[in-house]
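Q: Handing you a structure now.
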Amino acid sequence: MSQLEAELSQLKESIIDMMKLATKQLQKAHLAIQNLDGELSQEVIHRENRMNAMELSIDRDCENMFALWNPVATDLRFVLAMLKINSELERIGDHAVGLAKYVLANQEPFNMELTKKIELDKMFEVAVEMTEDVTIGFKENDTNKVRKVFKKDLILNDILKNSSDIIGEYVGNNPGFSRQSLFLFSALRKLERVGDLTKNIAEQTIFYLEAEVVRHKVGEK
């Protein structure tokens with residue numbers, strides 16, 4: 001293995017580690033909301049520093065690749081994709097932190113009836129599945145696995161779309177829950193955004209593996 005190949009392999013491992021951490025952050029944010037667990041929320045918030053440090057390290061590694069090796073062809077696509085994937089992962093981490101902060105801002109358990117109606121748990125589960133799918137596909141160079149996220153993203157979109165009327169009706173009948181309802185709707189929007197970011201990661205993975213730009217064509221998948 002050449003020095004360049006070793007560097008590229010290490011860069012890929014770093015991205016995989018960050019993908020796994022982003023998934024864990026989402027899982028813990030979900031548990032924190034389910035159990036109104038302030039300590040777990042704080043753990044998610046504190047781990048943001050680790051994600052930020054990983055992002056900076058990966059950015060530096062990519063910059064060094066350009067400066068020292070001047071990659072071309074597949075290697076160039078790989079490094080360009082890693083830069084974009086790295087940024088998307090950091091933003092997923094930010095959304096996980098934002099979700100965790102809702103627990104600290106809310107003083108009482110979230111209304112189970114409403115969370116069930118808006119399918120909050122399903123939203124979390126699908127978002128986590130998407131990050132897991134893209135991690136496995138990226139690790140194994142399996143674009144079929146990666147492409148699974150496109151259909152799952154449509155599920156998140158539908159849940160968010162349907163939740164607006166559900167929450168509006170619920171607040172009309174239960175005005176005392178208006179603040180909490182806003183928290184929950186915002187949580188759904190963050191999870192929908194996580195889906196978009198994961199879809200972007202899938203697109204970048206396909207770009208470097210197949211030299212195919214799939215952005216703006218996702219609806220065809």
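Ordered as shown in the structure tokens, chains take letters A, B, and onward, while each chain numbers its residues from 1 and ligands are numbered from 1 in the order shown.
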Enumerate, in order of chain and increasing residue number, the residues of stretch 151-209 of chain A with an atom no farther than 7 Å from stretch 61-85 of chain A, each with its shortest atom pair and distance in Å to one decimal, counting only C-alpha atoms, as JSON lines.
A:
```
{"residue": "A:Ile201", "atom": "CA", "partner": "A:Ile85", "partner_atom": "CA", "distance": 5.3}
{"residue": "A:Gln204", "atom": "CA", "partner": "A:Ala81", "partner_atom": "CA", "distance": 5.3}
{"residue": "A:Thr205", "atom": "CA", "partner": "A:Ala81", "partner_atom": "CA", "distance": 6.8}
{"residue": "A:Tyr208", "atom": "CA", "partner": "A:Arg77", "partner_atom": "CA", "distance": 5.0}
```
Q: Deliver the residues from the most recent selection as a file, using all heavy atoms, as a PDB file, in the first residue's frame.
A:
```
ATOM      1  N   ILE A 201     -25.344  13.043   2.096  1.00  0.00           N
ATOM      2  CA  ILE A 201     -24.188  12.152   2.297  1.00  0.00           C
ATOM      3  C   ILE A 201     -24.264  10.976   1.323  1.00  0.00           C
ATOM      4  O   ILE A 201     -23.256  10.561   0.737  1.00  0.00           O
ATOM      5  CB  ILE A 201     -24.139  11.654   3.754  1.00  0.00           C
ATOM      6  CG1 ILE A 201     -23.835  12.817   4.697  1.00  0.00           C
ATOM      7  CG2 ILE A 201     -23.098  10.552   3.926  1.00  0.00           C
ATOM      8  CD1 ILE A 201     -23.982  12.471   6.176  1.00  0.00           C
ATOM      9  N   GLN A 204     -23.168  12.114  -2.098  1.00  0.00           N
ATOM     10  CA  GLN A 204     -21.718  12.271  -2.197  1.00  0.00           C
ATOM     11  C   GLN A 204     -21.010  10.915  -2.267  1.00  0.00           C
ATOM     12  O   GLN A 204     -20.003  10.760  -2.959  1.00  0.00           O
ATOM     13  CB  GLN A 204     -21.195  13.082  -1.019  1.00  0.00           C
ATOM     14  CG  GLN A 204     -21.571  14.546  -1.051  1.00  0.00           C
ATOM     15  CD  GLN A 204     -21.053  15.234  -2.309  1.00  0.00           C
ATOM     16  OE1 GLN A 204     -19.926  15.003  -2.731  1.00  0.00           O
ATOM     17  NE2 GLN A 204     -21.885  16.077  -2.906  1.00  0.00           N
ATOM     18  N   THR A 205     -21.555   9.939  -1.556  1.00  0.00           N
ATOM     19  CA  THR A 205     -20.973   8.599  -1.588  1.00  0.00           C
ATOM     20  C   THR A 205     -21.104   7.990  -2.979  1.00  0.00           C
ATOM     21  O   THR A 205     -20.161   7.395  -3.518  1.00  0.00           O
ATOM     22  CB  THR A 205     -21.656   7.687  -0.543  1.00  0.00           C
ATOM     23  OG1 THR A 205     -21.518   8.270   0.758  1.00  0.00           O
ATOM     24  CG2 THR A 205     -21.026   6.304  -0.541  1.00  0.00           C
ATOM     25  N   TYR A 208     -18.569   9.639  -5.425  1.00  0.00           N
ATOM     26  CA  TYR A 208     -17.176   9.201  -5.444  1.00  0.00           C
ATOM     27  C   TYR A 208     -17.033   7.735  -5.876  1.00  0.00           C
ATOM     28  O   TYR A 208     -16.022   7.355  -6.469  1.00  0.00           O
ATOM     29  CB  TYR A 208     -16.502   9.475  -4.096  1.00  0.00           C
ATOM     30  CG  TYR A 208     -16.370   8.317  -3.140  1.00  0.00           C
ATOM     31  CD1 TYR A 208     -15.392   7.341  -3.325  1.00  0.00           C
ATOM     32  CD2 TYR A 208     -17.182   8.225  -2.014  1.00  0.00           C
ATOM     33  CE1 TYR A 208     -15.261   6.290  -2.426  1.00  0.00           C
ATOM     34  CE2 TYR A 208     -17.048   7.181  -1.116  1.00  0.00           C
ATOM     35  CZ  TYR A 208     -16.082   6.221  -1.331  1.00  0.00           C
ATOM     36  OH  TYR A 208     -15.948   5.178  -0.444  1.00  0.00           O
TER      37      TYR A 208
END
```
Q: Mind checking which residues fall within 6 Å of A:Gly195, counting only C-alpha atoms, ignoring those fewer than 2 positions away in the same chain, and posting them as an mmCIF file with N, CA, C and O atoms, in the first residue's frame?
A:
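Result went into selection_25.cif, see below:
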```cif
data_model
loop_
_atom_site.group_PDB
_atom_site.id
_atom_site.type_symbol
_atom_site.label_atom_id
_atom_site.label_comp_id
_atom_site.auth_asym_id
_atom_site.auth_seq_id
_atom_site.Cartn_x
_atom_site.Cartn_y
_atom_site.Cartn_z
ATOM 1 N N ALA A 127 -34.913 8.251 10.936
ATOM 2 C CA ALA A 127 -33.715 9.084 10.800
ATOM 3 C C ALA A 127 -32.466 8.305 11.197
ATOM 4 O O ALA A 127 -31.426 8.373 10.524
ATOM 5 N N ASP A 153 -36.261 8.861 3.283
ATOM 6 C CA ASP A 153 -36.403 10.302 3.455
ATOM 7 C C ASP A 153 -37.817 10.758 3.130
ATOM 8 O O ASP A 153 -38.342 11.689 3.742
ATOM 9 N N GLU A 192 -36.475 15.963 10.123
ATOM 10 C CA GLU A 192 -36.636 15.999 8.667
ATOM 11 C C GLU A 192 -35.375 16.556 8.019
ATOM 12 O O GLU A 192 -34.939 16.080 6.958
ATOM 13 N N ARG A 193 -34.767 17.516 8.682
ATOM 14 C CA ARG A 193 -33.522 18.086 8.165
ATOM 15 C C ARG A 193 -32.380 17.070 8.260
ATOM 16 O O ARG A 193 -31.530 17.008 7.362
ATOM 17 N N LEU A 197 -29.884 15.895 5.243
ATOM 18 C CA LEU A 197 -28.426 15.868 5.342
ATOM 19 C C LEU A 197 -27.877 14.471 5.058
ATOM 20 O O LEU A 197 -26.844 14.314 4.399
ATOM 21 N N THR A 198 -28.585 13.457 5.557
ATOM 22 C CA THR A 198 -28.163 12.077 5.306
ATOM 23 C C THR A 198 -28.286 11.744 3.826
ATOM 24 O O THR A 198 -27.440 11.042 3.248
#
```
Q: Extract, using only C-alpha atoms, all DNA, RNA and protein residues at most 10 Å from A:Leu89, discarding same-chain residues fewer than 3 positions from it, and format them as a PyMOL selection string.
A: chain A and resi 15+18-23+51-52+55+84-86+92-95+131+194+197-198+200-201
Q: For those residues, write N, CA, C and O atoms to a file as a PDB file, in the first residue's frame.
A:
```
ATOM      1  N   ILE A  15     -14.025   9.261   8.810  1.00  0.00           N
ATOM      2  CA  ILE A  15     -15.401   9.597   8.436  1.00  0.00           C
ATOM      3  C   ILE A  15     -16.374   8.579   9.014  1.00  0.00           C
ATOM      4  O   ILE A  15     -17.458   8.934   9.515  1.00  0.00           O
ATOM      5  N   MET A  18     -17.000   9.262  12.589  1.00  0.00           N
ATOM      6  CA  MET A  18     -17.880  10.415  12.769  1.00  0.00           C
ATOM      7  C   MET A  18     -19.321  10.055  12.450  1.00  0.00           C
ATOM      8  O   MET A  18     -20.255  10.524  13.102  1.00  0.00           O
ATOM      9  N   MET A  19     -19.525   9.210  11.436  1.00  0.00           N
ATOM     10  CA  MET A  19     -20.872   8.745  11.120  1.00  0.00           C
ATOM     11  C   MET A  19     -21.483   7.994  12.306  1.00  0.00           C
ATOM     12  O   MET A  19     -22.650   8.196  12.656  1.00  0.00           O
ATOM     13  N   LYS A  20     -20.682   7.117  12.903  1.00  0.00           N
ATOM     14  CA  LYS A  20     -21.168   6.344  14.050  1.00  0.00           C
ATOM     15  C   LYS A  20     -21.497   7.253  15.229  1.00  0.00           C
ATOM     16  O   LYS A  20     -22.496   7.041  15.934  1.00  0.00           O
ATOM     17  N   LEU A  21     -20.672   8.262  15.446  1.00  0.00           N
ATOM     18  CA  LEU A  21     -20.930   9.189  16.553  1.00  0.00           C
ATOM     19  C   LEU A  21     -22.208   9.984  16.294  1.00  0.00           C
ATOM     20  O   LEU A  21     -23.009  10.197  17.216  1.00  0.00           O
ATOM     21  N   ALA A  22     -22.424  10.408  15.053  1.00  0.00           N
ATOM     22  CA  ALA A  22     -23.644  11.149  14.721  1.00  0.00           C
ATOM     23  C   ALA A  22     -24.881  10.294  14.988  1.00  0.00           C
ATOM     24  O   ALA A  22     -25.888  10.781  15.527  1.00  0.00           O
ATOM     25  N   THR A  23     -24.804   9.019  14.641  1.00  0.00           N
ATOM     26  CA  THR A  23     -25.922   8.105  14.903  1.00  0.00           C
ATOM     27  C   THR A  23     -26.175   7.964  16.393  1.00  0.00           C
ATOM     28  O   THR A  23     -27.327   8.011  16.857  1.00  0.00           O
ATOM     29  N   MET A  51     -17.471  16.050  18.279  1.00  0.00           N
ATOM     30  CA  MET A  51     -17.818  16.087  16.858  1.00  0.00           C
ATOM     31  C   MET A  51     -17.158  17.268  16.168  1.00  0.00           C
ATOM     32  O   MET A  51     -16.665  17.156  15.038  1.00  0.00           O
ATOM     33  N   ASN A  52     -17.147  18.415  16.837  1.00  0.00           N
ATOM     34  CA  ASN A  52     -16.521  19.594  16.254  1.00  0.00           C
ATOM     35  C   ASN A  52     -15.026  19.368  16.037  1.00  0.00           C
ATOM     36  O   ASN A  52     -14.463  19.767  15.012  1.00  0.00           O
ATOM     37  N   GLU A  55     -14.538  17.110  13.075  1.00  0.00           N
ATOM     38  CA  GLU A  55     -14.748  17.831  11.819  1.00  0.00           C
ATOM     39  C   GLU A  55     -13.505  18.620  11.431  1.00  0.00           C
ATOM     40  O   GLU A  55     -13.055  18.587  10.276  1.00  0.00           O
ATOM     41  N   LYS A  84     -17.395  17.351   1.874  1.00  0.00           N
ATOM     42  CA  LYS A  84     -18.823  17.658   1.964  1.00  0.00           C
ATOM     43  C   LYS A  84     -19.523  16.764   2.990  1.00  0.00           C
ATOM     44  O   LYS A  84     -20.375  17.229   3.752  1.00  0.00           O
ATOM     45  N   ILE A  85     -19.173  15.482   3.004  1.00  0.00           N
ATOM     46  CA  ILE A  85     -19.775  14.558   3.974  1.00  0.00           C
ATOM     47  C   ILE A  85     -19.439  14.987   5.389  1.00  0.00           C
ATOM     48  O   ILE A  85     -20.293  14.960   6.289  1.00  0.00           O
ATOM     49  N   ASN A  86     -18.208  15.401   5.607  1.00  0.00           N
ATOM     50  CA  ASN A  86     -17.765  15.857   6.922  1.00  0.00           C
ATOM     51  C   ASN A  86     -18.634  17.014   7.423  1.00  0.00           C
ATOM     52  O   ASN A  86     -19.078  17.033   8.569  1.00  0.00           O
ATOM     53  N   ILE A  92     -25.588  17.303  11.285  1.00  0.00           N
ATOM     54  CA  ILE A  92     -26.455  16.313  11.930  1.00  0.00           C
ATOM     55  C   ILE A  92     -26.213  16.334  13.439  1.00  0.00           C
ATOM     56  O   ILE A  92     -27.155  16.288  14.238  1.00  0.00           O
ATOM     57  N   GLY A  93     -24.952  16.427  13.824  1.00  0.00           N
ATOM     58  CA  GLY A  93     -24.621  16.524  15.242  1.00  0.00           C
ATOM     59  C   GLY A  93     -25.247  17.749  15.883  1.00  0.00           C
ATOM     60  O   GLY A  93     -25.737  17.688  17.016  1.00  0.00           O
ATOM     61  N   ASP A  94     -25.251  18.860  15.173  1.00  0.00           N
ATOM     62  CA  ASP A  94     -25.873  20.081  15.694  1.00  0.00           C
ATOM     63  C   ASP A  94     -27.363  19.876  15.953  1.00  0.00           C
ATOM     64  O   ASP A  94     -27.913  20.344  16.961  1.00  0.00           O
ATOM     65  N   HIS A  95     -28.027  19.179  15.032  1.00  0.00           N
ATOM     66  CA  HIS A  95     -29.465  18.932  15.212  1.00  0.00           C
ATOM     67  C   HIS A  95     -29.718  18.002  16.402  1.00  0.00           C
ATOM     68  O   HIS A  95     -30.705  18.177  17.129  1.00  0.00           O
ATOM     69  N   THR A 131     -29.092   7.045   8.882  1.00  0.00           N
ATOM     70  CA  THR A 131     -27.667   7.252   9.180  1.00  0.00           C
ATOM     71  C   THR A 131     -26.937   5.915   9.257  1.00  0.00           C
ATOM     72  O   THR A 131     -25.771   5.814   8.849  1.00  0.00           O
ATOM     73  N   VAL A 194     -32.371  16.280   9.323  1.00  0.00           N
ATOM     74  CA  VAL A 194     -31.377  15.205   9.434  1.00  0.00           C
ATOM     75  C   VAL A 194     -31.503  14.265   8.232  1.00  0.00           C
ATOM     76  O   VAL A 194     -30.501  13.817   7.662  1.00  0.00           O
ATOM     77  N   LEU A 197     -29.884  15.895   5.243  1.00  0.00           N
ATOM     78  CA  LEU A 197     -28.426  15.868   5.342  1.00  0.00           C
ATOM     79  C   LEU A 197     -27.877  14.471   5.058  1.00  0.00           C
ATOM     80  O   LEU A 197     -26.844  14.314   4.399  1.00  0.00           O
ATOM     81  N   THR A 198     -28.585  13.457   5.557  1.00  0.00           N
ATOM     82  CA  THR A 198     -28.163  12.077   5.306  1.00  0.00           C
ATOM     83  C   THR A 198     -28.286  11.744   3.826  1.00  0.00           C
ATOM     84  O   THR A 198     -27.440  11.042   3.248  1.00  0.00           O
ATOM     85  N   ASN A 200     -27.909  13.881   1.458  1.00  0.00           N
ATOM     86  CA  ASN A 200     -26.765  14.539   0.833  1.00  0.00           C
ATOM     87  C   ASN A 200     -25.501  13.682   0.944  1.00  0.00           C
ATOM     88  O   ASN A 200     -24.695  13.606   0.010  1.00  0.00           O
ATOM     89  N   ILE A 201     -25.344  13.043   2.096  1.00  0.00           N
ATOM     90  CA  ILE A 201     -24.188  12.152   2.297  1.00  0.00           C
ATOM     91  C   ILE A 201     -24.264  10.976   1.323  1.00  0.00           C
ATOM     92  O   ILE A 201     -23.256  10.561   0.737  1.00  0.00           O
TER      93      ILE A 201
END
```
Q: What's the 12 Å shell around A:Leu182, counting only C-alpha atoms, without same-chain residues fewer than 2 positions away, as a compact mmCIF listing (two decimals) with all heavy atoms, in the first residue's frame?
A:
```
# COMPACT_ATOMS: atom_id res chain seq x y z
N TYR A 102 -34.15 20.48 23.99
CA TYR A 102 -35.58 20.59 24.26
C TYR A 102 -35.93 19.97 25.60
O TYR A 102 -36.85 20.41 26.30
CB TYR A 102 -36.40 19.89 23.16
CG TYR A 102 -36.40 20.62 21.84
CD1 TYR A 102 -36.41 19.91 20.64
CD2 TYR A 102 -36.40 22.01 21.78
CE1 TYR A 102 -36.42 20.57 19.42
CE2 TYR A 102 -36.40 22.67 20.57
CZ TYR A 102 -36.41 21.94 19.39
OH TYR A 102 -36.42 22.60 18.19
N ALA A 105 -35.22 22.42 28.28
CA ALA A 105 -36.13 23.57 28.25
C ALA A 105 -37.54 23.20 28.68
O ALA A 105 -38.32 24.07 29.07
CB ALA A 105 -36.16 24.17 26.84
N ASN A 106 -37.88 21.91 28.63
CA ASN A 106 -39.23 21.46 28.99
C ASN A 106 -39.24 20.95 30.42
O ASN A 106 -38.42 20.12 30.80
CB ASN A 106 -39.68 20.36 28.03
CG ASN A 106 -41.17 20.14 28.07
OD1 ASN A 106 -41.94 21.08 27.91
ND2 ASN A 106 -41.59 18.91 28.28
N PHE A 110 -43.23 15.04 27.83
CA PHE A 110 -43.99 15.36 26.63
C PHE A 110 -45.27 14.53 26.60
O PHE A 110 -45.31 13.39 27.04
CB PHE A 110 -43.15 15.07 25.38
CG PHE A 110 -42.01 16.02 25.20
CD1 PHE A 110 -40.73 15.66 25.57
CD2 PHE A 110 -42.22 17.29 24.67
CE1 PHE A 110 -39.66 16.55 25.42
CE2 PHE A 110 -41.17 18.17 24.51
CZ PHE A 110 -39.89 17.81 24.89
N LEU A 114 -49.99 13.15 22.08
CA LEU A 114 -49.59 13.97 20.95
C LEU A 114 -48.36 13.39 20.25
O LEU A 114 -48.31 13.34 19.01
CB LEU A 114 -49.31 15.40 21.40
CG LEU A 114 -48.90 16.39 20.30
CD1 LEU A 114 -49.95 16.43 19.20
CD2 LEU A 114 -48.69 17.78 20.89
N THR A 115 -47.37 12.96 21.02
CA THR A 115 -46.16 12.41 20.39
C THR A 115 -46.49 11.17 19.56
O THR A 115 -45.87 10.94 18.53
CB THR A 115 -45.10 12.05 21.45
OG1 THR A 115 -45.65 11.13 22.40
CG2 THR A 115 -44.61 13.30 22.17
N SER A 163 -48.00 16.32 10.30
CA SER A 163 -47.98 16.76 11.70
C SER A 163 -48.52 18.17 11.88
O SER A 163 -49.04 18.50 12.96
CB SER A 163 -46.55 16.70 12.24
OG SER A 163 -45.74 17.69 11.64
N SER A 164 -48.43 18.99 10.87
CA SER A 164 -48.84 20.39 11.01
C SER A 164 -50.32 20.49 11.40
O SER A 164 -50.67 21.19 12.37
CB SER A 164 -48.59 21.15 9.70
OG SER A 164 -48.99 22.49 9.82
N ILE A 166 -52.21 18.08 12.61
CA ILE A 166 -52.42 17.36 13.87
C ILE A 166 -52.10 18.26 15.06
O ILE A 166 -52.88 18.36 16.02
CB ILE A 166 -51.57 16.08 13.92
CG1 ILE A 166 -52.03 15.10 12.85
CG2 ILE A 166 -51.66 15.44 15.31
CD1 ILE A 166 -51.12 13.89 12.70
N ILE A 167 -50.97 18.91 15.00
CA ILE A 167 -50.56 19.78 16.11
C ILE A 167 -51.48 20.99 16.20
O ILE A 167 -51.86 21.41 17.30
CB ILE A 167 -49.09 20.21 15.93
CG1 ILE A 167 -48.17 19.01 16.18
CG2 ILE A 167 -48.72 21.35 16.89
CD1 ILE A 167 -46.71 19.30 15.96
N GLY A 168 -51.86 21.55 15.05
CA GLY A 168 -52.76 22.71 15.06
C GLY A 168 -54.08 22.38 15.73
O GLY A 168 -54.60 23.16 16.55
N TYR A 170 -54.62 19.91 17.85
CA TYR A 170 -54.39 19.58 19.26
C TYR A 170 -54.27 20.84 20.10
O TYR A 170 -54.84 20.93 21.19
CB TYR A 170 -53.13 18.73 19.41
CG TYR A 170 -52.97 18.14 20.78
CD1 TYR A 170 -53.58 16.93 21.11
CD2 TYR A 170 -52.23 18.79 21.76
CE1 TYR A 170 -53.46 16.39 22.38
CE2 TYR A 170 -52.10 18.26 23.03
CZ TYR A 170 -52.71 17.07 23.34
OH TYR A 170 -52.59 16.54 24.61
N VAL A 171 -53.54 21.82 19.61
CA VAL A 171 -53.38 23.08 20.35
C VAL A 171 -54.71 23.79 20.49
O VAL A 171 -55.01 24.39 21.53
CB VAL A 171 -52.34 23.98 19.65
CG1 VAL A 171 -52.32 25.37 20.29
CG2 VAL A 171 -50.95 23.37 19.74
N PRO A 175 -55.09 24.33 24.67
CA PRO A 175 -54.22 25.51 24.61
C PRO A 175 -53.09 25.50 25.64
O PRO A 175 -52.07 26.15 25.43
CB PRO A 175 -55.18 26.68 24.86
CG PRO A 175 -56.39 26.06 25.51
CD PRO A 175 -56.49 24.69 24.94
N GLY A 176 -53.24 24.75 26.70
CA GLY A 176 -52.20 24.68 27.72
C GLY A 176 -50.94 23.98 27.24
O GLY A 176 -49.88 24.07 27.87
N PHE A 177 -51.05 23.27 26.13
CA PHE A 177 -49.91 22.53 25.60
C PHE A 177 -49.29 23.22 24.39
O PHE A 177 -48.54 22.59 23.64
CB PHE A 177 -50.34 21.11 25.20
CG PHE A 177 -50.51 20.18 26.36
CD1 PHE A 177 -51.75 20.00 26.95
CD2 PHE A 177 -49.42 19.49 26.89
CE1 PHE A 177 -51.92 19.15 28.03
CE2 PHE A 177 -49.58 18.63 27.97
CZ PHE A 177 -50.82 18.46 28.54
N SER A 178 -49.60 24.49 24.19
CA SER A 178 -49.11 25.18 22.98
C SER A 178 -47.58 25.26 22.94
O SER A 178 -46.96 25.03 21.90
CB SER A 178 -49.71 26.58 22.89
OG SER A 178 -49.39 27.34 24.04
N ARG A 179 -46.95 25.56 24.09
CA ARG A 179 -45.49 25.68 24.12
C ARG A 179 -44.83 24.33 23.82
O ARG A 179 -43.89 24.24 23.02
CB ARG A 179 -45.03 26.20 25.48
CG ARG A 179 -43.52 26.40 25.60
CD ARG A 179 -43.21 27.17 26.89
NE ARG A 179 -41.77 27.37 27.06
CZ ARG A 179 -40.96 26.53 27.68
NH1 ARG A 179 -41.45 25.40 28.19
NH2 ARG A 179 -39.67 26.79 27.80
N GLN A 180 -45.35 23.29 24.46
CA GLN A 180 -44.80 21.96 24.24
C GLN A 180 -45.03 21.51 22.80
O GLN A 180 -44.17 20.87 22.19
CB GLN A 180 -45.43 20.96 25.21
CG GLN A 180 -44.77 19.59 25.17
CD GLN A 180 -45.37 18.62 26.17
OE1 GLN A 180 -46.09 17.72 25.77
NE2 GLN A 180 -45.08 18.80 27.45
N LEU A 184 -42.33 20.17 19.96
CA LEU A 184 -42.44 18.91 19.24
C LEU A 184 -42.41 19.13 17.73
O LEU A 184 -41.77 18.36 17.00
CB LEU A 184 -43.72 18.18 19.64
CG LEU A 184 -43.73 17.63 21.07
CD1 LEU A 184 -45.11 17.10 21.44
CD2 LEU A 184 -42.69 16.53 21.22
N PHE A 185 -43.09 20.17 17.25
CA PHE A 185 -43.07 20.45 15.83
C PHE A 185 -41.66 20.82 15.37
O PHE A 185 -41.20 20.39 14.30
CB PHE A 185 -44.04 21.57 15.47
CG PHE A 185 -44.15 21.81 13.99
CD1 PHE A 185 -44.70 20.86 13.15
CD2 PHE A 185 -43.69 23.00 13.45
CE1 PHE A 185 -44.79 21.08 11.78
CE2 PHE A 185 -43.78 23.23 12.07
CZ PHE A 185 -44.33 22.27 11.24
N SER A 186 -40.97 21.59 16.19
CA SER A 186 -39.60 21.94 15.87
C SER A 186 -38.70 20.71 15.85
O SER A 186 -37.79 20.59 15.02
CB SER A 186 -39.07 22.96 16.88
OG SER A 186 -37.76 23.36 16.55
N ALA A 187 -38.97 19.76 16.76
CA ALA A 187 -38.20 18.51 16.79
C ALA A 187 -38.39 17.73 15.50
O ALA A 187 -37.43 17.20 14.92
CB ALA A 187 -38.62 17.66 17.99
N LEU A 188 -39.63 17.69 15.01
CA LEU A 188 -39.90 17.00 13.75
C LEU A 188 -39.17 17.66 12.59
O LEU A 188 -38.62 16.99 11.71
CB LEU A 188 -41.40 16.99 13.47
CG LEU A 188 -42.29 16.15 14.40
CD1 LEU A 188 -43.74 16.26 13.96
CD2 LEU A 188 -41.86 14.69 14.40
N ARG A 189 -39.13 18.98 12.61
CA ARG A 189 -38.44 19.70 11.55
C ARG A 189 -36.94 19.41 11.57
O ARG A 189 -36.31 19.27 10.52
CB ARG A 189 -38.68 21.20 11.67
CG ARG A 189 -40.12 21.62 11.38
CD ARG A 189 -40.29 23.13 11.36
NE ARG A 189 -39.53 23.72 10.26
CZ ARG A 189 -39.46 25.05 10.05
NH1 ARG A 189 -40.09 25.88 10.87
NH2 ARG A 189 -38.77 25.52 9.02
```
Q: Of the residues A:Ala100, A:Gln34, A:Glu203, A:Glu48, which is the one nearest to A:Gly137, using only C-alpha atoms?
A: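 That would be A:Glu203, the residue with the smallest distance to A:Gly137.
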Q: Hey, what's within 9 Å of A:Ile16 if we count only C-alpha atoms and toss same-chain stuff fewer than 5 positions away? As a list in words, please?
A: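 The residues that qualify are Leu11, Leu21, Thr135, Ile136, Phe138 and Lys139 of chain A.
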Q: Quick one: write out the picked residues with N, CA, C and O atoms as a tab-separated table (two decimals), in the first residue's frame?
A:
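Contents of again13.tsv, freshly written:
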```tsv
chain	number	residue	atom	x	y	z
A	11	LEU	N	-8.42	8.39	6.25
A	11	LEU	CA	-9.46	9.41	6.13
A	11	LEU	C	-10.84	8.77	6.12
A	11	LEU	O	-11.78	9.26	6.77
A	21	LEU	N	-20.67	8.26	15.45
A	21	LEU	CA	-20.93	9.19	16.55
A	21	LEU	C	-22.21	9.98	16.29
A	21	LEU	O	-23.01	10.20	17.22
A	135	THR	N	-23.96	4.70	6.66
A	135	THR	CA	-22.69	4.32	7.26
A	135	THR	C	-22.23	2.97	6.73
A	135	THR	O	-21.07	2.79	6.32
A	136	ILE	N	-23.14	2.00	6.72
A	136	ILE	CA	-22.80	0.66	6.22
A	136	ILE	C	-22.46	0.72	4.73
A	136	ILE	O	-21.46	0.14	4.28
A	138	PHE	N	-21.40	3.25	2.98
A	138	PHE	CA	-20.13	3.95	2.80
A	138	PHE	C	-18.96	3.05	3.16
A	138	PHE	O	-17.97	2.96	2.41
A	139	LYS	N	-19.07	2.36	4.28
A	139	LYS	CA	-17.99	1.49	4.74
A	139	LYS	C	-17.72	0.36	3.76
A	139	LYS	O	-16.56	0.01	3.49
```
Q: As a list in words, please: the residues near stretch 111-113 of chain A (cut-off 9 Å, only C-alpha atoms, same-chain neighbours under 3 positions excluded).
A: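 Once the adjacent positions are removed, what remains is Glu108, Lys116, Lys117, Ile118, Phe177, Gln180 and Ser181 of chain A.
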Q: Mind pulling up the distance from atom CA of A:Gly172 to atom CA of A:Glu125?
A: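 Computed distance, atom CA of A:Glu125 to atom CA of A:Gly172, equals 28.3 Å.
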Q: Excluding same-chain residues fewer than 3 positions from A:Lys151, what lies within 12 Å of it counting only C-alpha atoms, as a list in words?
A: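 Once the adjacent positions are removed, what remains is Val126, Ala127, Glu129, Met130, Asp133, Lys145, Val146, Arg147, Lys148, Leu154, Ile155, Leu156, Asn157, Asp158, Gly195, Asp196, Thr198, Lys199, Ala202, Val218, Gly219, Glu220 and Lys221 of chain A.
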Q: Name the residues of stretch 84-130 of chain A that fall into helix (DSSP H, G or I) according to DSSP on the backbone, using the chain letters and numbers of this document, as an MDAnalysis selection string.
A: chainID A and resid 84:105 112:117 120:130
